[in-house]
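Note: the block below is final-v4.cif and it holds mmCIF, C-alpha atoms.
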data_model
loop_
_atom_site.label_atom_id
_atom_site.label_comp_id
_atom_site.auth_asym_id
_atom_site.auth_seq_id
_atom_site.Cartn_x
_atom_site.Cartn_y
_atom_site.Cartn_z
CA MET C 25 11.91 -15.38 -18.18
CA SER C 26 13.24 -14.24 -21.52
CA VAL C 27 12.34 -10.57 -21.19
CA GLN C 28 14.96 -8.06 -20.23
CA ARG C 29 14.46 -5.63 -17.42
CA GLY C 30 13.70 -2.12 -18.60
CA GLN C 31 12.23 -3.26 -21.90
CA GLN C 32 8.81 -1.71 -22.55
CA VAL C 33 6.07 -4.32 -22.22
CA LEU C 34 2.91 -2.21 -22.25
CA GLU C 35 2.30 1.13 -23.88
CA LEU C 36 -0.91 3.13 -24.00
CA ALA C 37 -0.76 6.19 -26.25
CA LYS C 38 -3.52 8.82 -26.12
CA VAL C 39 -6.09 6.17 -25.28
CA CYS C 40 -9.74 7.21 -25.09
CA ARG C 41 -12.67 4.93 -24.34
CA THR C 42 -16.20 6.25 -24.60
CA PHE C 43 -19.32 4.24 -23.90
CA GLY C 44 -22.53 5.13 -25.75
CA ASP C 45 -22.77 8.08 -28.12
CA GLY C 46 -24.35 11.47 -28.49
CA ALA C 47 -25.65 13.33 -25.46
CA THR C 48 -25.68 10.20 -23.25
CA SER C 49 -22.09 9.14 -23.95
CA VAL C 50 -19.75 8.58 -21.03
CA ALA C 51 -15.99 8.96 -21.33
CA ALA C 52 -14.37 6.21 -19.21
CA LEU C 53 -10.83 7.13 -20.27
CA ARG C 54 -9.52 10.33 -21.80
CA ASP C 55 -6.11 10.73 -23.41
CA VAL C 56 -4.32 8.22 -21.25
CA ASP C 57 -0.57 7.80 -21.79
CA LEU C 58 1.09 5.06 -19.78
CA THR C 59 4.02 2.69 -20.21
CA ILE C 60 5.10 -0.23 -18.06
CA ASP C 61 8.55 -1.80 -18.40
CA ALA C 62 9.64 -5.35 -17.80
CA GLY C 63 10.35 -5.81 -14.10
CA GLU C 64 8.15 -2.89 -13.16
CA PHE C 65 5.18 -3.10 -10.79
CA VAL C 66 2.63 -0.32 -11.28
CA ALA C 67 -0.45 0.21 -9.12
CA VAL C 68 -3.45 2.17 -10.37
CA MET C 69 -5.56 3.92 -7.72
CA GLY C 70 -8.69 6.00 -7.98
CA PRO C 71 -12.26 6.25 -6.73
CA SER C 72 -14.91 3.87 -8.11
CA GLY C 73 -15.97 4.85 -11.59
CA SER C 74 -12.68 6.64 -12.29
CA GLY C 75 -11.73 4.30 -15.15
CA LYS C 76 -9.33 1.92 -13.36
CA SER C 77 -10.93 -1.29 -14.56
CA SER C 78 -11.43 0.04 -18.11
CA LEU C 79 -7.71 0.75 -18.21
CA LEU C 80 -6.94 -2.81 -17.23
CA ALA C 81 -9.43 -4.36 -19.68
CA LEU C 82 -8.02 -2.30 -22.55
CA SER C 83 -4.42 -3.14 -21.62
CA GLY C 84 -5.11 -6.86 -21.94
CA GLY C 85 -7.13 -6.64 -25.12
CA LEU C 86 -10.43 -7.53 -23.41
CA ASP C 87 -11.84 -4.28 -24.78
CA ARG C 88 -10.94 -1.95 -27.66
CA PRO C 89 -10.26 1.78 -27.29
CA THR C 90 -12.43 4.38 -29.03
CA SER C 91 -9.21 6.07 -30.13
CA GLY C 92 -5.49 5.88 -29.37
CA GLY C 93 -3.04 2.99 -29.51
CA ILE C 94 -2.27 0.08 -27.19
CA PHE C 95 0.92 -1.91 -27.65
CA VAL C 96 1.94 -5.11 -25.91
CA GLU C 97 5.64 -5.73 -26.52
CA SER C 98 5.42 -3.30 -29.45
CA THR C 99 2.57 -5.21 -31.11
CA PRO C 100 -0.35 -2.84 -31.77
CA LEU C 101 -3.45 -4.62 -30.44
CA ALA C 102 -5.55 -2.81 -33.05
CA ASP C 103 -3.82 -4.88 -35.77
CA LEU C 104 -4.80 -8.18 -34.22
CA GLY C 105 -7.91 -10.11 -35.18
CA LEU C 106 -10.05 -11.78 -32.53
CA ASN C 107 -8.17 -15.08 -32.76
CA GLU C 108 -4.76 -13.46 -32.60
CA LEU C 109 -5.88 -11.36 -29.68
CA ALA C 110 -7.11 -14.43 -27.83
CA ARG C 111 -3.79 -16.11 -28.54
CA LEU C 112 -1.87 -13.12 -27.18
CA ARG C 113 -4.02 -13.18 -24.05
CA ARG C 114 -3.25 -16.84 -23.50
CA ARG C 115 0.46 -16.52 -24.25
CA ALA C 116 1.70 -13.20 -22.99
CA VAL C 117 -0.91 -11.72 -20.68
CA GLY C 118 -2.07 -13.07 -17.33
CA TYR C 119 -5.19 -11.85 -15.52
CA VAL C 120 -6.08 -12.02 -11.87
CA PHE C 121 -9.63 -11.03 -10.96
CA GLN C 122 -11.33 -10.36 -7.65
CA ASP C 123 -13.59 -13.40 -8.11
CA PHE C 124 -11.04 -16.00 -9.00
CA ASN C 125 -12.79 -17.28 -12.16
CA LEU C 126 -11.66 -20.88 -11.68
CA VAL C 127 -13.45 -23.78 -13.35
CA PRO C 128 -15.12 -25.74 -10.52
CA THR C 129 -15.03 -29.13 -12.29
CA LEU C 130 -11.24 -29.03 -12.74
CA THR C 131 -8.51 -29.53 -10.15
CA ALA C 132 -6.24 -26.63 -9.23
CA ALA C 133 -3.42 -27.89 -11.47
CA GLU C 134 -5.85 -28.46 -14.37
CA ASN C 135 -7.13 -24.91 -13.99
CA VAL C 136 -3.59 -23.58 -14.07
CA ALA C 137 -2.68 -25.70 -17.11
CA LEU C 138 -5.83 -24.76 -19.04
CA PRO C 139 -4.56 -21.70 -20.96
CA LEU C 140 -1.56 -23.65 -22.25
CA GLU C 141 -3.66 -26.65 -23.23
CA LEU C 142 -6.12 -24.44 -25.08
CA ASP C 143 -3.14 -23.09 -26.94
CA GLY C 144 -2.06 -26.55 -28.12
CA THR C 145 0.63 -27.41 -25.56
CA PRO C 146 0.55 -31.19 -24.95
CA SER C 147 -1.20 -32.07 -21.70
CA ARG C 148 1.80 -33.54 -19.96
CA GLU C 149 3.95 -30.46 -20.68
CA ALA C 150 1.14 -28.07 -19.68
CA TYR C 151 0.71 -29.98 -16.43
CA ARG C 152 4.46 -29.86 -15.73
CA GLN C 153 4.47 -26.09 -16.21
CA ALA C 154 1.36 -25.80 -14.03
CA ARG C 155 3.18 -27.55 -11.19
CA GLU C 156 6.10 -25.17 -11.69
CA ALA C 157 3.82 -22.10 -11.51
CA MET C 158 2.15 -23.48 -8.38
CA ASP C 159 5.58 -23.95 -6.78
CA LEU C 160 6.39 -20.32 -7.56
CA VAL C 161 3.31 -19.04 -5.74
CA GLY C 162 3.91 -21.39 -2.82
CA ILE C 163 1.03 -23.87 -3.24
CA PRO C 164 2.59 -27.11 -4.59
CA GLU C 165 0.39 -29.15 -2.25
CA LEU C 166 -2.90 -27.93 -3.74
CA ALA C 167 -2.44 -29.47 -7.21
CA ASN C 168 -5.20 -32.06 -6.90
CA ARG C 169 -7.73 -30.02 -4.96
CA PHE C 170 -11.04 -28.81 -6.35
CA MET C 171 -12.34 -25.29 -5.74
CA ASP C 172 -14.70 -26.30 -2.93
CA GLU C 173 -11.76 -27.86 -1.09
CA MET C 174 -9.79 -24.60 -0.92
CA SER C 175 -10.01 -21.33 1.06
CA GLY C 176 -10.43 -18.01 -0.71
CA GLY C 177 -6.73 -17.24 -0.30
CA GLN C 178 -5.76 -20.60 -1.76
CA GLN C 179 -8.10 -20.14 -4.74
CA GLN C 180 -6.62 -16.73 -5.39
CA ARG C 181 -3.12 -18.23 -5.43
CA VAL C 182 -4.31 -20.81 -7.93
CA ALA C 183 -5.70 -17.96 -10.05
CA ILE C 184 -2.32 -16.21 -9.84
CA ALA C 185 -0.50 -19.40 -10.81
CA ARG C 186 -2.79 -19.57 -13.86
CA ALA C 187 -1.95 -15.95 -14.64
CA ILE C 188 1.81 -16.53 -14.59
CA ILE C 189 2.08 -19.92 -16.29
CA GLY C 190 4.32 -20.00 -19.33
CA GLU C 191 6.21 -16.85 -20.08
CA ARG C 192 3.67 -14.21 -19.20
CA ARG C 193 5.33 -10.87 -19.66
CA LEU C 194 2.34 -8.83 -18.55
CA ILE C 195 0.29 -9.57 -15.42
CA LEU C 196 -2.91 -7.60 -14.92
CA ALA C 197 -4.62 -7.80 -11.54
CA ASP C 198 -8.01 -6.22 -10.81
CA GLU C 199 -8.58 -5.84 -7.04
CA PRO C 200 -7.14 -9.33 -6.49
CA THR C 201 -7.29 -9.00 -2.71
CA GLY C 202 -10.87 -7.71 -2.56
CA ALA C 203 -12.29 -10.94 -1.15
CA LEU C 204 -9.37 -11.82 1.13
CA ASP C 205 -8.40 -11.04 4.72
CA SER C 206 -5.41 -8.77 5.23
CA THR C 207 -2.74 -11.43 5.89
CA THR C 208 -3.77 -13.44 2.83
CA GLY C 209 -3.95 -10.21 0.85
CA GLN C 210 -0.36 -9.48 1.77
CA GLY C 211 0.64 -12.95 0.53
CA VAL C 212 -0.90 -12.11 -2.85
CA MET C 213 1.12 -8.88 -2.96
CA GLU C 214 4.30 -10.82 -2.20
CA VAL C 215 3.63 -13.09 -5.17
CA LEU C 216 2.94 -10.16 -7.54
CA ARG C 217 6.06 -8.38 -6.29
CA SER C 218 8.22 -11.44 -6.84
CA ARG C 219 6.88 -11.85 -10.41
CA ALA C 220 7.87 -8.25 -11.13
CA ASP C 221 11.28 -8.85 -9.55
CA ALA C 222 11.64 -11.85 -11.87
CA GLY C 223 11.07 -9.61 -14.91
CA ALA C 224 7.30 -9.44 -15.56
CA ALA C 225 5.46 -6.15 -16.01
CA VAL C 226 2.68 -6.00 -13.42
CA MET C 227 -0.34 -3.69 -13.35
CA LEU C 228 -2.47 -3.79 -10.21
CA VAL C 229 -5.78 -1.98 -9.87
CA THR C 230 -6.62 -1.35 -6.22
CA HIS C 231 -8.24 1.10 -3.87
CA GLU C 232 -6.12 -0.08 -0.93
CA ALA C 233 -3.13 2.16 -0.25
CA ARG C 234 -1.46 -0.65 1.70
CA HIS C 235 -1.39 -2.84 -1.39
CA ALA C 236 -0.52 -0.08 -3.82
CA ALA C 237 2.53 0.55 -1.65
CA TRP C 238 4.10 -2.68 -2.91
CA ALA C 239 4.41 -1.12 -6.38
CA ASP C 240 7.38 0.75 -7.83
CA ARG C 241 5.02 3.40 -9.15
CA VAL C 242 1.50 4.42 -8.17
CA VAL C 243 -0.68 6.05 -10.84
CA PHE C 244 -3.70 8.08 -9.71
CA ILE C 245 -6.66 8.16 -12.05
CA ARG C 246 -9.69 10.41 -11.79
CA ASP C 247 -12.58 10.93 -14.21
CA GLY C 248 -10.73 8.86 -16.79
CA ARG C 249 -7.50 10.86 -16.64
CA ILE C 250 -4.15 10.16 -15.03
CA VAL C 251 -3.76 13.03 -12.60
CA ASP C 252 -0.64 12.12 -10.64
CA GLN C 253 2.06 9.53 -10.11
CA ALA C 254 4.08 8.58 -7.06
CA ALA C 255 7.34 6.69 -7.09
CA ALA C 256 9.10 5.50 -3.96
CA MET C 257 11.80 7.89 -2.75
CA HIS C 258 14.23 5.06 -2.16
CA ASP C 259 15.72 6.98 0.69
CA PRO C 260 14.07 5.25 3.61
CA ALA C 261 16.70 6.50 6.06
CA MET C 262 15.60 10.08 5.53
CA LEU C 263 11.97 9.12 5.81
CA LEU C 264 12.51 7.29 9.07
CA ALA C 265 14.38 10.25 10.48
CA GLN C 266 11.35 12.38 9.57
CA ALA C 267 9.08 9.93 11.38
CA GLY C 268 11.15 10.63 14.50
CA PHE C 269 8.96 13.70 15.17
CA MET N 102 7.63 9.64 23.35
CA SER N 103 8.72 8.98 26.91
CA ILE N 104 12.51 8.85 26.97
CA ARG N 105 12.34 8.75 30.74
CA HIS N 106 10.33 5.52 30.85
CA SER N 107 12.23 3.95 27.97
CA LEU N 108 15.55 4.42 29.74
CA LEU N 109 14.10 3.13 33.00
CA ALA N 110 12.81 0.01 31.21
CA LEU N 111 16.28 -0.63 29.76
CA LEU N 112 17.85 -0.27 33.20
CA GLN N 113 15.33 -2.74 34.56
CA ASP N 114 17.01 -5.23 32.25
CA GLN N 115 20.51 -4.56 33.67
CA PRO N 116 22.71 -1.67 34.88
CA ARG N 117 24.12 0.35 31.99
CA TYR N 118 26.00 3.57 31.21
CA GLY N 119 24.68 6.46 29.12
CA TYR N 120 26.10 5.56 25.73
CA GLN N 121 25.00 1.93 26.11
CA LEU N 122 21.46 3.10 26.85
CA ARG N 123 21.37 5.14 23.68
CA VAL N 124 22.68 2.27 21.52
CA GLU N 125 20.27 -0.19 23.10
CA PHE N 126 17.27 2.11 22.65
CA GLU N 127 18.06 2.75 19.00
CA SER N 128 18.69 -0.88 18.15
CA ARG N 129 15.40 -1.97 19.70
CA THR N 130 13.36 0.67 17.88
CA GLY N 131 15.23 0.44 14.58
CA ALA N 132 16.73 3.92 15.05
CA THR N 133 13.32 5.37 14.19
CA TRP N 134 13.59 7.90 16.99
CA PRO N 135 17.24 8.94 17.25
CA LEU N 136 18.27 9.95 20.76
CA ASN N 137 20.93 12.52 21.33
CA ILE N 138 23.43 11.65 24.00
CA GLY N 139 22.86 14.94 25.84
CA GLN N 140 19.18 14.00 26.22
CA VAL N 141 20.22 10.66 27.74
CA TYR N 142 22.47 12.29 30.37
CA THR N 143 19.95 15.00 31.26
CA THR N 144 17.27 12.34 31.70
CA LEU N 145 19.56 10.18 33.86
CA ASP N 146 20.29 13.20 36.10
CA ARG N 147 16.56 13.80 36.60
CA LEU N 148 15.86 10.12 37.26
CA GLU N 149 18.61 10.10 39.88
CA ARG N 150 17.26 13.29 41.46
CA ASP N 151 13.81 11.65 41.68
CA GLY N 152 15.25 8.49 43.27
CA LEU N 153 14.31 6.20 40.38
CA VAL N 154 17.90 5.29 39.45
CA GLN N 155 21.17 5.34 41.36
CA ASN N 156 24.66 6.21 40.30
CA ASP N 157 26.89 3.14 40.91
CA GLY N 158 30.09 5.01 40.10
CA ASP N 159 32.81 4.42 37.54
CA ASP N 160 33.25 0.98 35.91
CA GLY N 161 37.03 1.51 35.80
CA GLU N 162 36.94 2.52 32.11
CA GLY N 163 35.54 5.96 32.67
CA HIS N 164 31.83 5.01 32.28
CA VAL N 165 29.37 6.01 34.99
CA ILE N 166 27.07 3.04 35.58
CA TYR N 167 23.42 3.52 36.53
CA SER N 168 21.08 0.94 38.06
CA ILE N 169 17.36 1.01 38.77
CA THR N 170 15.97 1.50 42.31
CA PRO N 171 12.85 -0.27 43.70
CA GLU N 172 10.92 2.99 43.10
CA GLY N 173 12.20 2.95 39.51
CA SER N 174 10.99 -0.63 39.03
CA LEU N 175 7.55 0.41 40.25
CA ALA N 176 7.51 3.30 37.79
CA VAL N 177 8.38 0.92 34.90
CA ARG N 178 5.63 -1.45 35.91
CA SER N 179 2.98 1.27 36.08
CA TRP N 180 4.16 2.59 32.68
CA PHE N 181 3.62 -0.84 31.10
CA ASP N 182 0.32 -1.32 32.95
CA ALA N 183 -1.28 1.97 31.88
CA PRO N 184 -2.42 2.69 28.30
CA VAL N 185 -0.44 5.52 26.70
CA GLU N 186 -1.99 8.93 27.17
CA ARG N 187 -3.85 10.20 24.14
CA ASN N 188 -2.44 13.66 24.62
CA ASN N 189 -5.98 15.00 24.40
CA PRO N 190 -6.10 14.71 21.30
CA PRO N 191 -2.63 14.43 19.72
CA ARG N 192 -1.79 17.42 17.56
CA ASN N 193 -2.20 16.50 13.95
CA GLU N 194 -0.87 19.10 11.57
CA LEU N 195 -2.63 17.61 8.57
CA ALA N 196 -6.03 17.71 10.24
CA ILE N 197 -5.45 21.30 11.35
CA LYS N 198 -4.31 22.28 7.86
CA LEU N 199 -7.39 20.78 6.19
CA ALA N 200 -9.77 22.17 8.79
CA LEU N 201 -8.44 25.65 8.06
CA ALA N 202 -8.33 25.07 4.31
CA VAL N 203 -12.03 24.14 4.05
CA THR N 204 -13.06 27.26 5.96
CA LEU N 205 -10.96 29.77 4.03
CA PRO N 206 -12.05 31.19 0.67
CA GLY N 207 -9.77 30.67 -2.32
CA VAL N 208 -7.95 27.59 -1.02
CA ASP N 209 -7.87 24.61 -3.40
CA VAL N 210 -8.67 21.87 -0.90
CA ALA N 211 -8.78 19.13 -3.53
CA ALA N 212 -5.21 20.01 -4.55
CA ILE N 213 -4.03 19.93 -0.93
CA ILE N 214 -5.60 16.51 -0.47
CA GLN N 215 -4.06 15.10 -3.64
CA ALA N 216 -0.58 16.49 -2.88
CA GLN N 217 -0.76 14.95 0.58
CA ARG N 218 -2.04 11.67 -0.82
CA VAL N 219 0.95 11.38 -3.18
CA ALA N 220 3.36 12.16 -0.34
CA SER N 221 1.69 9.67 2.00
CA ILE N 222 1.63 6.88 -0.59
CA ARG N 223 5.28 7.54 -1.31
CA ALA N 224 6.06 7.18 2.40
CA LEU N 225 3.97 4.02 2.50
CA GLN N 226 5.94 2.61 -0.45
CA ASP N 227 9.19 3.26 1.38
CA TYR N 228 8.02 1.76 4.67
CA THR N 229 6.73 -1.28 2.78
CA LYS N 230 10.06 -1.71 1.03
CA VAL N 231 12.04 -1.45 4.25
CA ARG N 232 9.65 -3.90 5.88
CA ARG N 233 9.99 -6.34 2.99
CA ASP N 234 13.79 -6.18 3.05
CA THR N 235 13.91 -6.56 6.83
CA ALA N 236 11.48 -9.50 6.84
CA ALA N 237 13.40 -11.22 4.02
CA ASN N 238 16.54 -11.63 6.11
CA GLN N 239 15.04 -11.47 9.54
CA ARG N 240 17.32 -11.70 12.53
CA PRO N 241 15.92 -12.10 16.05
CA ALA N 242 16.84 -8.48 16.82
CA ASP N 243 14.54 -7.33 13.98
CA THR N 244 11.31 -8.39 15.67
CA ALA N 245 10.97 -5.13 17.57
CA TRP N 246 11.92 -3.14 14.48
CA LEU N 247 9.26 -4.93 12.37
CA LEU N 248 6.64 -4.00 14.96
CA VAL N 249 7.66 -0.36 14.75
CA LEU N 250 7.50 -0.50 10.93
CA ASP N 251 4.05 -2.09 11.02
CA SER N 252 2.91 0.72 13.25
CA LEU N 253 4.21 3.34 10.78
CA ILE N 254 2.53 1.49 7.89
CA PHE N 255 -0.83 1.39 9.68
CA GLN N 256 -0.62 5.08 10.62
CA THR N 257 0.18 6.11 7.06
CA GLU N 258 -2.55 3.91 5.64
CA ALA N 259 -5.05 5.46 8.06
CA GLU N 260 -3.96 8.89 6.83
CA VAL N 261 -4.62 7.94 3.20
CA ARG N 262 -8.04 6.51 4.06
CA TRP N 263 -8.92 9.63 5.95
CA LEU N 264 -7.87 11.75 2.93
CA ASP N 265 -10.16 9.61 0.72
CA LEU N 266 -13.00 10.28 3.14
CA CYS N 267 -12.34 14.04 3.21
CA GLU N 268 -12.41 14.11 -0.57
CA ALA N 269 -15.62 12.07 -0.80
CA ARG N 270 -17.29 14.45 1.69
CA MET N 271 -16.28 17.44 -0.36
CA VAL N 272 -17.65 15.91 -3.55
CA GLN N 273 -20.92 15.10 -1.75
CA GLN N 274 -21.20 18.64 -0.46
CA ALA N 275 -20.49 20.14 -3.86
CA GLU N 276 -23.14 17.91 -5.43
CA ALA N 277 -25.67 18.71 -2.72
CA ALA N 278 -25.05 22.42 -3.27
CA LYS N 279 -25.43 21.97 -7.03
CA SER N 280 -28.72 20.08 -6.76
CA GLN N 281 -30.05 22.59 -4.25
CA SER N 282 -29.36 25.44 -6.59
CA ALA N 283 -30.91 23.42 -9.45
CA ARG N 284 -34.04 22.91 -7.33
CA GLN N 285 -34.20 26.59 -6.57
CA GLN N 286 -33.84 27.47 -10.23
CA SER N 287 -36.63 25.08 -11.14
CA THR N 288 -39.01 26.57 -8.55
CA GLY N 289 -37.85 30.11 -9.22
CA VAL N 290 -37.34 30.73 -5.48
CA THR N 291 -33.95 32.05 -4.35
CA SER N 292 -32.28 30.96 -1.14
CA GLU N 293 -32.63 34.52 0.14
CA GLU N 294 -36.38 34.30 -0.35
CA VAL N 295 -36.48 30.96 1.47
CA ARG N 296 -34.59 32.50 4.40
CA ARG N 297 -37.00 35.43 4.56
CA ALA N 298 -40.00 33.10 4.42
CA GLU N 299 -38.53 31.07 7.26
CA ALA N 300 -37.82 34.21 9.29
CA ARG N 301 -41.48 35.35 8.91
CA ARG N 302 -42.60 32.05 10.42
#
Please express the file's structure as structure tokens.
Amino acid sequence: MSVQRGQQVLELAKVCRTFGDGATSVAALRDVDLTIDAGEFVAVMGPSGSGKSSLLALSGGLDRPTSGGIFVESTPLADLGLNELARLRRRAVGYVFQDFNLVPTLTAAENVALPLELDGTPSREAYRQAREAMDLVGIPELANRFMDEMSGGQQQRVAIARAIIGERRLILADEPTGALDSTTGQGVMEVLRSRADAGAAVMLVTHEARHAAWADRVVFIRDGRIVDQAAAMHDPAMLLAQAGF
Amino acid sequence: MSIRHSLLALLQDQPRYGYQLRVEFESRTGATWPLNIGQVYTTLDRLERDGLVQNDGDDGEGHVIYSITPEGSLAVRSWFDAPVERNNPPRNELAIKLALAVTLPGVDVAAIIQAQRVASIRALQDYTKVRRDTAANQRPADTAWLLVLDSLIFQTEAEVRWLDLCEARMVQQAEAAKSQSARQQSTGVTSEEVRRAEARR
């Protein structure tokens, strides 16, 4: 990956998102400031309706803010037209959703290669990179399977491979473990963690503390505002001594 | 934690001296519960007094070796056979703190919950990191340690889920109170009047 650790990949500055207008308007996000660096894994937690998913959609250019600025690798998303935005989404940003969003008529490898092919990469090269991404998430043997031949956990890994193909610097995951059992869910966390360790910026939206705990930083959001952040203490010895009652 | 039974179980394995028992206990539990050597010797004295271990004398290098007696073996077996006592119920400082907080005026319960949530998630992050590092270069001796870590992770996760529940309850209560007062405003009847009406019946 060409990005350098510590380099800022995502920046949200004073971002507000309001749905509707007048007396019936609802503020989904209010004055949100957030940055994520290359190599950093950030989890966003909060009750349902707190604005978690809006934050993710805005960060990847799937939605536009009512006010404030969003920058992906210093590019202001507001300056991009629809086509440029779509190109950025295919090139730099990877999404993982709760419902895997795979195309049922394509094989796993074809699904993974799709964003590159849409972007003009020759088929053979896209397919080669797809195989590489599938190796990285530990599913090289699933390349020729169709969706109905895979378990939920396997489909989610395919979806993650699709999200990391090419040089994705920003990976956005919205409750990616929602439909999975806990062991498979942990496997998904391992993959996200290893992508961050390899230099990607990862944002995970989750309501599961166990999964958020894989992140370097946990951001708490409530009524559209960031209310708190937790970073690991990195002094496990002290913590374990405390657990000694 | 039962130091008494833990030491007996280790002696069941083979005769050992005090310092060895401490090292063995800590390596098998990942040093999560440090034992002080004084505790080990006091416990050995009591076990000997109760006939569960016997003093086999000096090993020639100044270590007093202890071995388990048949009564001791029985005690180990019944420890493993019986579920651990729930301590009726175990004292939980967080639960006590919140129970008092919700009943006292002027205490910001939501702030207490959030502060605790941040602290618990932070602990969970650290446990998860230690677990990840341990699992990545797992040696056979780490199996027991991974089990202990999993237990700490589950306990902390349960704490966070319980905090979420406490918070949701409080929000529900606040909303119920709000809609009750809205209903009363709309009917023009105060809660005092309702109480009096009920008392007359």
- Task: Enumerate, as an MDAnalysis selection string, the residues matched when the PyMOL selection byres ((chain N and resi 164-168) around 7) is run on the file above.
- Result: chainID N and resid 112 116:118 154:160 162:163 169:170
Take the PyMOL selection byres ((chain N) within 12 of (chain C)), apply it to the structure above, and return the hits as JSON, numbers by chain. {"N": [102, 127, 130, 131, 132, 133, 134, 135, 136, 192, 193, 194, 212, 215, 216, 217, 218, 219, 220, 221, 222, 223, 224, 225, 226, 227, 228, 229, 230, 231, 232, 233, 234, 236, 237, 246, 249, 250, 251, 252, 253, 254, 255, 256, 257, 258, 259, 260, 261, 262, 263, 264, 265, 266, 268, 269, 272]}
Practice item. Mind checking which residues fall within 10 Å of Asp221 in chain C, counting all atoms listed in the file, ignoring those fewer than 2 positions away in the same chain, and posting them as JSON, numbers by chain? Key: {"C": [29, 62, 63, 64, 65, 215, 216, 217, 218, 219, 223, 224, 225, 226]}
Practice task
List, as a ChimeraX atom specification, every residue that the PyMOL selection byres ((chain C and resi 115) around 12) selects in the file provided.
Solution key: /C:84,96,108-114,116-119,138-145,186-195
Counting only C-alpha atoms, closest pick from C:Gly177, C:Gln122, C:Ala220, C:Ala203 relative to Ser77 in chain C is C:Gln122
His106 in chain N proximity check over N:Ala245, N:Gly119, N:Ala176, N:Asp182, using only C-alpha atoms: winner is N:Ala176
Neighbour list for Ile138 in chain N as a VMD selection string, cut-off 12 Å, all atoms listed in the file, skip fewer than 4 positions in-chain: chain N and resid 104 118 to 124 126 to 127 142 to 145
Coordinates-based distance that separates CA of Lys279 in chain N from CA of Ser78 in chain C (Å, one decimal):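 CA of Ser78 in chain C sits 28.3 Å away from CA of Lys279 in chain N.
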Can you tell me, as JSON, the centre and edge lengths (Å, one decimal) of the axis-aligned box enclosing all of range 179-190 of chain C's listed atoms after padding each side by 3 Å?
{"center_x": -1.9, "center_y": -18.4, "center_z": -12.0, "size_x": 18.4, "size_y": 10.9, "size_z": 20.6}
Legend entry - Atom-to-atom span, CA of Glu97 in chain C and CA of Val120 in chain C, Å: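 Pair CA of Glu97 in chain C / CA of Val120 in chain C returns 19.8 Å.
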**Prompt:** How many Å separate CA of Gly176 in chain C from CA of Leu204 in chain C?
**Reply:**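 Computing it gives 6.5 Å between the two atoms.
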Quiz item: So which residues are close to (-1.6, -1.9, -32.4), meaning at most 10 Å away in the file's coordinates with all atoms listed in the file counted, and can you show them as a list in words?
Solution: Glu35, Leu36, Gly92, Gly93, Ile94, Phe95, Val96, Ser98, Thr99, Pro100, Leu101, Ala102, Asp103 and Leu104 of chain C
